[in-house]
Amino acid sequence: MITKDISGYYQFYPCIVTLVGARRKDKVNFMAAAWNAGLSFRPPLFGVSIHPKRFTHDMIVDSEEFTCNFLSMEHIDIIHGTGRVSGRDYDKVKLFSIPLEKSKVINCPTIESAYAAYECKLVHRYPVGDHNFFVGKVVAVHYNKNVLTGKNLLNPEKINFSLYLGSNSYISADPDSVQIMPSEIEIPMPQ
Ligand SMILES: Cc1cc2nc3c(=O)[nH]c(=O)nc-3n(C[C@H](O)[C@H](O)[C@H](O)COP(=O)(O)O)c2cc1C
């Protein structure tokens, strides 16, 4: 089927969900963001696309820093909950009993139960359609060594990733589906 109706263009899912944390004065807030991406190694840059009407949006504009927290499927209630209620109406840290961990460099805390978290300082903000894309310089990384392989990759035997399929649906990875490919491939001879 080919259609010019782009209202259901969800085929780029599944995406890993990050919980974007922000702090303004004593208020700490987290929101789920599936639209996130690694952008650069040197300097280390990570980006999240956030709609201006999110409470988190202006918190980051004001504080110029944020955290990105990766939680496993065991914490799906926190992941989904922070994506369905606003910090404007609720204290999500209390509501979902989110355990906080003090950051090393920035003032905004990370989530203690995250298997990995980035401390980011805001370096750019770009309008992208109806969202704004926040680019953060990663100034500290928190991770649980026990869930990594010898190559420092996430080990799907040890961690149930939370991947978002869209429309309130989540999926995890089957460790048996991992395929390790050669870094140099054999170029097939032209026929
Ligand atoms: C799984 C999931 C992924 C989401 N991804 C994004 C996203 O990438 N960008 C965005 O602006 N909102 C996204 N949302 C919606 C926000 O998380 C949601 O509106 C949230 O309540 C905003 O919280 P806040 O008002 O406290 O900032 C997502 C929601 C869910 C459930």
# chains A, B, ... in the order shown; residues from 1 in each chain; ligands from 1
call {"tool": "closest_atom_pairs", "arguments": {"of": "chain A", "to": "ligand 1", "cutoff": "9 Å", "atoms": "only C-alpha atoms and all ligand atoms", "output": "CSV"}}
result
residue,atom,partner,partner_atom_place_in_ligand_line,distance
A:Cys15,CA,ligand 1,3 (C),8.8
A:Ile16,CA,ligand 1,1 (C),8.8
A:Val17,CA,ligand 1,1 (C),6.1
A:Thr18,CA,ligand 1,3 (C),8.0
A:Leu19,CA,ligand 1,17 (O),8.1
A:Val20,CA,ligand 1,27 (O),8.5
A:Gly21,CA,ligand 1,27 (O),8.9
A:Ala22,CA,ligand 1,27 (O),8.9
A:Asn29,CA,ligand 1,26 (O),6.2
A:Phe30,CA,ligand 1,26 (O),6.1
A:Met31,CA,ligand 1,17 (O),4.4
A:Ala32,CA,ligand 1,17 (O),4.0
A:Ala33,CA,ligand 1,5 (N),3.3
A:Ala34,CA,ligand 1,5 (N),4.0
A:Trp35,CA,ligand 1,8 (O),3.6
A:Asn36,CA,ligand 1,8 (O),6.3
A:Val48,CA,ligand 1,8 (O),6.6
A:Ser49,CA,ligand 1,9 (N),5.2
A:Ile50,CA,ligand 1,11 (O),3.4
A:His51,CA,ligand 1,11 (O),3.9
A:Pro52,CA,ligand 1,11 (O),7.3
A:Lys53,CA,ligand 1,25 (O),7.0
A:Arg54,CA,ligand 1,25 (O),3.8
A:Phe55,CA,ligand 1,25 (O),3.7
A:Thr56,CA,ligand 1,27 (O),3.7
A:His57,CA,ligand 1,27 (O),6.3
A:Asp58,CA,ligand 1,27 (O),8.6
A:Met59,CA,ligand 1,27 (O),8.5
A:Ile79,CA,ligand 1,1 (C),6.8
A:His80,CA,ligand 1,31 (C),4.8
A:Gly81,CA,ligand 1,31 (C),7.1
A:Thr82,CA,ligand 1,21 (O),5.7
A:Gly83,CA,ligand 1,17 (O),3.3
A:Arg84,CA,ligand 1,21 (O),4.3
A:Val85,CA,ligand 1,21 (O),4.1
A:Ser86,CA,ligand 1,26 (O),3.5
A:Gly87,CA,ligand 1,26 (O),3.6
A:Arg88,CA,ligand 1,25 (O),6.0
A:Asp89,CA,ligand 1,26 (O),8.0
A:Tyr90,CA,ligand 1,26 (O),8.1
A:Asp91,CA,ligand 1,26 (O),8.8
A:Lys92,CA,ligand 1,26 (O),7.7
A:His131,CA,ligand 1,11 (O),6.6
A:Asn132,CA,ligand 1,11 (O),8.2
A:Leu163,CA,ligand 1,1 (C),8.3
A:Tyr164,CA,ligand 1,1 (C),5.6
A:Leu165,CA,ligand 1,1 (C),8.2
A:Gly166,CA,ligand 1,1 (C),7.0
A:Ser167,CA,ligand 1,31 (C),8.2
A:Asn168,CA,ligand 1,31 (C),6.3
A:Ser169,CA,ligand 1,1 (C),8.0
A:Tyr170,CA,ligand 1,1 (C),7.8
call {"tool": "residues_around", "arguments": {"residues": "range 144-155 of chain A", "least_positions_apart": "5", "cutoff": "12 Å", "atoms": "only C-alpha atoms", "output": "VMD selection string"}}
result
chain A and resid 70 to 72 112 to 117 160 to 161 173 to 176 178
call {"tool": "write_last_selection", "arguments": {"atoms": "C-alpha atoms", "output": "PDB file, in the first residue's frame"}}
result
ATOM      1  CA  PHE A  70      17.406   4.071  30.680  1.00  0.00           C
ATOM      2  CA  LEU A  71      15.184   1.673  32.637  1.00  0.00           C
ATOM      3  CA  SER A  72      14.505  -2.011  32.040  1.00  0.00           C
ATOM      4  CA  GLU A 112      19.087   5.181  40.786  1.00  0.00           C
ATOM      5  CA  SER A 113      17.366   2.109  39.327  1.00  0.00           C
ATOM      6  CA  ALA A 114      18.371   2.999  35.741  1.00  0.00           C
ATOM      7  CA  TYR A 115      20.824   0.539  34.167  1.00  0.00           C
ATOM      8  CA  ALA A 116      22.426   3.577  32.510  1.00  0.00           C
ATOM      9  CA  ALA A 117      22.050   7.341  32.724  1.00  0.00           C
ATOM     10  CA  ASN A 160      15.229  -6.551  29.453  1.00  0.00           C
ATOM     11  CA  PHE A 161      15.321  -3.435  27.292  1.00  0.00           C
ATOM     12  CA  ALA A 173      14.603  -8.075  22.999  1.00  0.00           C
ATOM     13  CA  ASP A 174      14.935 -11.847  22.735  1.00  0.00           C
ATOM     14  CA  PRO A 175      18.586 -12.673  23.624  1.00  0.00           C
ATOM     15  CA  ASP A 176      18.429 -15.660  21.240  1.00  0.00           C
ATOM     16  CA  VAL A 178      21.355 -11.635  18.661  1.00  0.00           C
TER      17      VAL A 178
END
call {"tool": "residues_around", "arguments": {"residues": "Lys121 in chain A", "least_positions_apart": "3", "cutoff": "10 Å", "atoms": "only C-alpha atoms", "output": "ChimeraX atom specification"}}
result
/A:45-46,60,63-67,105-106,118,124,134-140
call {"tool": "write_last_selection", "arguments": {"atoms": "N, CA and C atoms", "output": "PDB file, in the first residue's frame"}}
result
ATOM      1  N   LEU A  45      27.671  13.727  22.232  1.00  0.00           N
ATOM      2  CA  LEU A  45      26.415  14.476  22.182  1.00  0.00           C
ATOM      3  C   LEU A  45      25.231  13.517  22.115  1.00  0.00           C
ATOM      4  N   PHE A  46      24.179  13.850  22.849  1.00  0.00           N
ATOM      5  CA  PHE A  46      22.958  13.041  22.859  1.00  0.00           C
ATOM      6  C   PHE A  46      21.766  13.987  22.710  1.00  0.00           C
ATOM      7  N   ILE A  60      14.061  22.464  31.038  1.00  0.00           N
ATOM      8  CA  ILE A  60      15.396  22.336  30.414  1.00  0.00           C
ATOM      9  C   ILE A  60      15.846  23.674  29.829  1.00  0.00           C
ATOM     10  N   SER A  63      17.061  25.610  32.943  1.00  0.00           N
ATOM     11  CA  SER A  63      18.216  25.100  33.715  1.00  0.00           C
ATOM     12  C   SER A  63      19.418  24.779  32.827  1.00  0.00           C
ATOM     13  N   GLU A  64      19.152  24.602  31.524  1.00  0.00           N
ATOM     14  CA  GLU A  64      20.189  24.271  30.531  1.00  0.00           C
ATOM     15  C   GLU A  64      20.912  22.967  30.862  1.00  0.00           C
ATOM     16  N   GLU A  65      20.207  22.044  31.484  1.00  0.00           N
ATOM     17  CA  GLU A  65      20.779  20.719  31.702  1.00  0.00           C
ATOM     18  C   GLU A  65      19.657  19.702  31.848  1.00  0.00           C
ATOM     19  N   PHE A  66      19.997  18.443  31.602  1.00  0.00           N
ATOM     20  CA  PHE A  66      19.007  17.372  31.735  1.00  0.00           C
ATOM     21  C   PHE A  66      19.727  16.041  31.877  1.00  0.00           C
ATOM     22  N   THR A  67      18.958  15.029  32.329  1.00  0.00           N
ATOM     23  CA  THR A  67      19.532  13.688  32.383  1.00  0.00           C
ATOM     24  C   THR A  67      18.705  12.775  31.477  1.00  0.00           C
ATOM     25  N   VAL A 105      28.139  15.870  37.978  1.00  0.00           N
ATOM     26  CA  VAL A 105      28.543  17.162  37.420  1.00  0.00           C
ATOM     27  C   VAL A 105      27.419  18.192  37.443  1.00  0.00           C
ATOM     28  N   ILE A 106      26.194  17.753  37.131  1.00  0.00           N
ATOM     29  CA  ILE A 106      25.104  18.730  37.013  1.00  0.00           C
ATOM     30  C   ILE A 106      24.216  18.686  38.260  1.00  0.00           C
ATOM     31  N   TYR A 118      22.717   9.346  31.557  1.00  0.00           N
ATOM     32  CA  TYR A 118      23.657  10.377  31.090  1.00  0.00           C
ATOM     33  C   TYR A 118      23.340  11.695  31.774  1.00  0.00           C
ATOM     34  N   HIS A 124      22.647  22.908  22.345  1.00  0.00           N
ATOM     35  CA  HIS A 124      21.857  23.466  21.236  1.00  0.00           C
ATOM     36  C   HIS A 124      20.385  23.160  21.455  1.00  0.00           C
ATOM     37  N   PHE A 134      16.605  19.019  21.611  1.00  0.00           N
ATOM     38  CA  PHE A 134      17.604  19.458  22.582  1.00  0.00           C
ATOM     39  C   PHE A 134      18.847  18.598  22.417  1.00  0.00           C
ATOM     40  N   VAL A 135      19.984  19.248  22.209  1.00  0.00           N
ATOM     41  CA  VAL A 135      21.247  18.513  22.098  1.00  0.00           C
ATOM     42  C   VAL A 135      22.045  18.766  23.377  1.00  0.00           C
ATOM     43  N   GLY A 136      22.406  17.651  24.042  1.00  0.00           N
ATOM     44  CA  GLY A 136      23.168  17.778  25.281  1.00  0.00           C
ATOM     45  C   GLY A 136      24.559  17.222  25.128  1.00  0.00           C
ATOM     46  N   LYS A 137      25.529  17.884  25.752  1.00  0.00           N
ATOM     47  CA  LYS A 137      26.876  17.309  25.840  1.00  0.00           C
ATOM     48  C   LYS A 137      26.884  16.384  27.048  1.00  0.00           C
ATOM     49  N   VAL A 138      27.254  15.130  26.825  1.00  0.00           N
ATOM     50  CA  VAL A 138      27.257  14.150  27.916  1.00  0.00           C
ATOM     51  C   VAL A 138      28.496  14.396  28.768  1.00  0.00           C
ATOM     52  N   VAL A 139      28.273  14.826  30.016  1.00  0.00           N
ATOM     53  CA  VAL A 139      29.403  15.184  30.882  1.00  0.00           C
ATOM     54  C   VAL A 139      29.704  14.111  31.928  1.00  0.00           C
ATOM     55  N   ALA A 140      28.784  13.161  32.091  1.00  0.00           N
ATOM     56  CA  ALA A 140      29.036  11.994  32.968  1.00  0.00           C
ATOM     57  C   ALA A 140      28.078  10.881  32.565  1.00  0.00           C
TER      58      ALA A 140
END
call {"tool": "select_by_dssp", "arguments": {"residues": "chain A", "states": "alpha helix (DSSP H)", "output": "list in words"}}
result
Phe55, Thr56, His57, Asp58, Met59, Ile60, Val61, Asp62, Ser63, Ile76, Asp77, Ile78, Ile79, His80, Gly81, Thr82, Lys92, Val93, Lys94 and Leu95 of chain A
call {"tool": "atom_distance", "arguments": {"atom1": "CA of Pro109 in chain A", "atom2": "CA of Phe96 in chain A"}}
result
15.6 Å
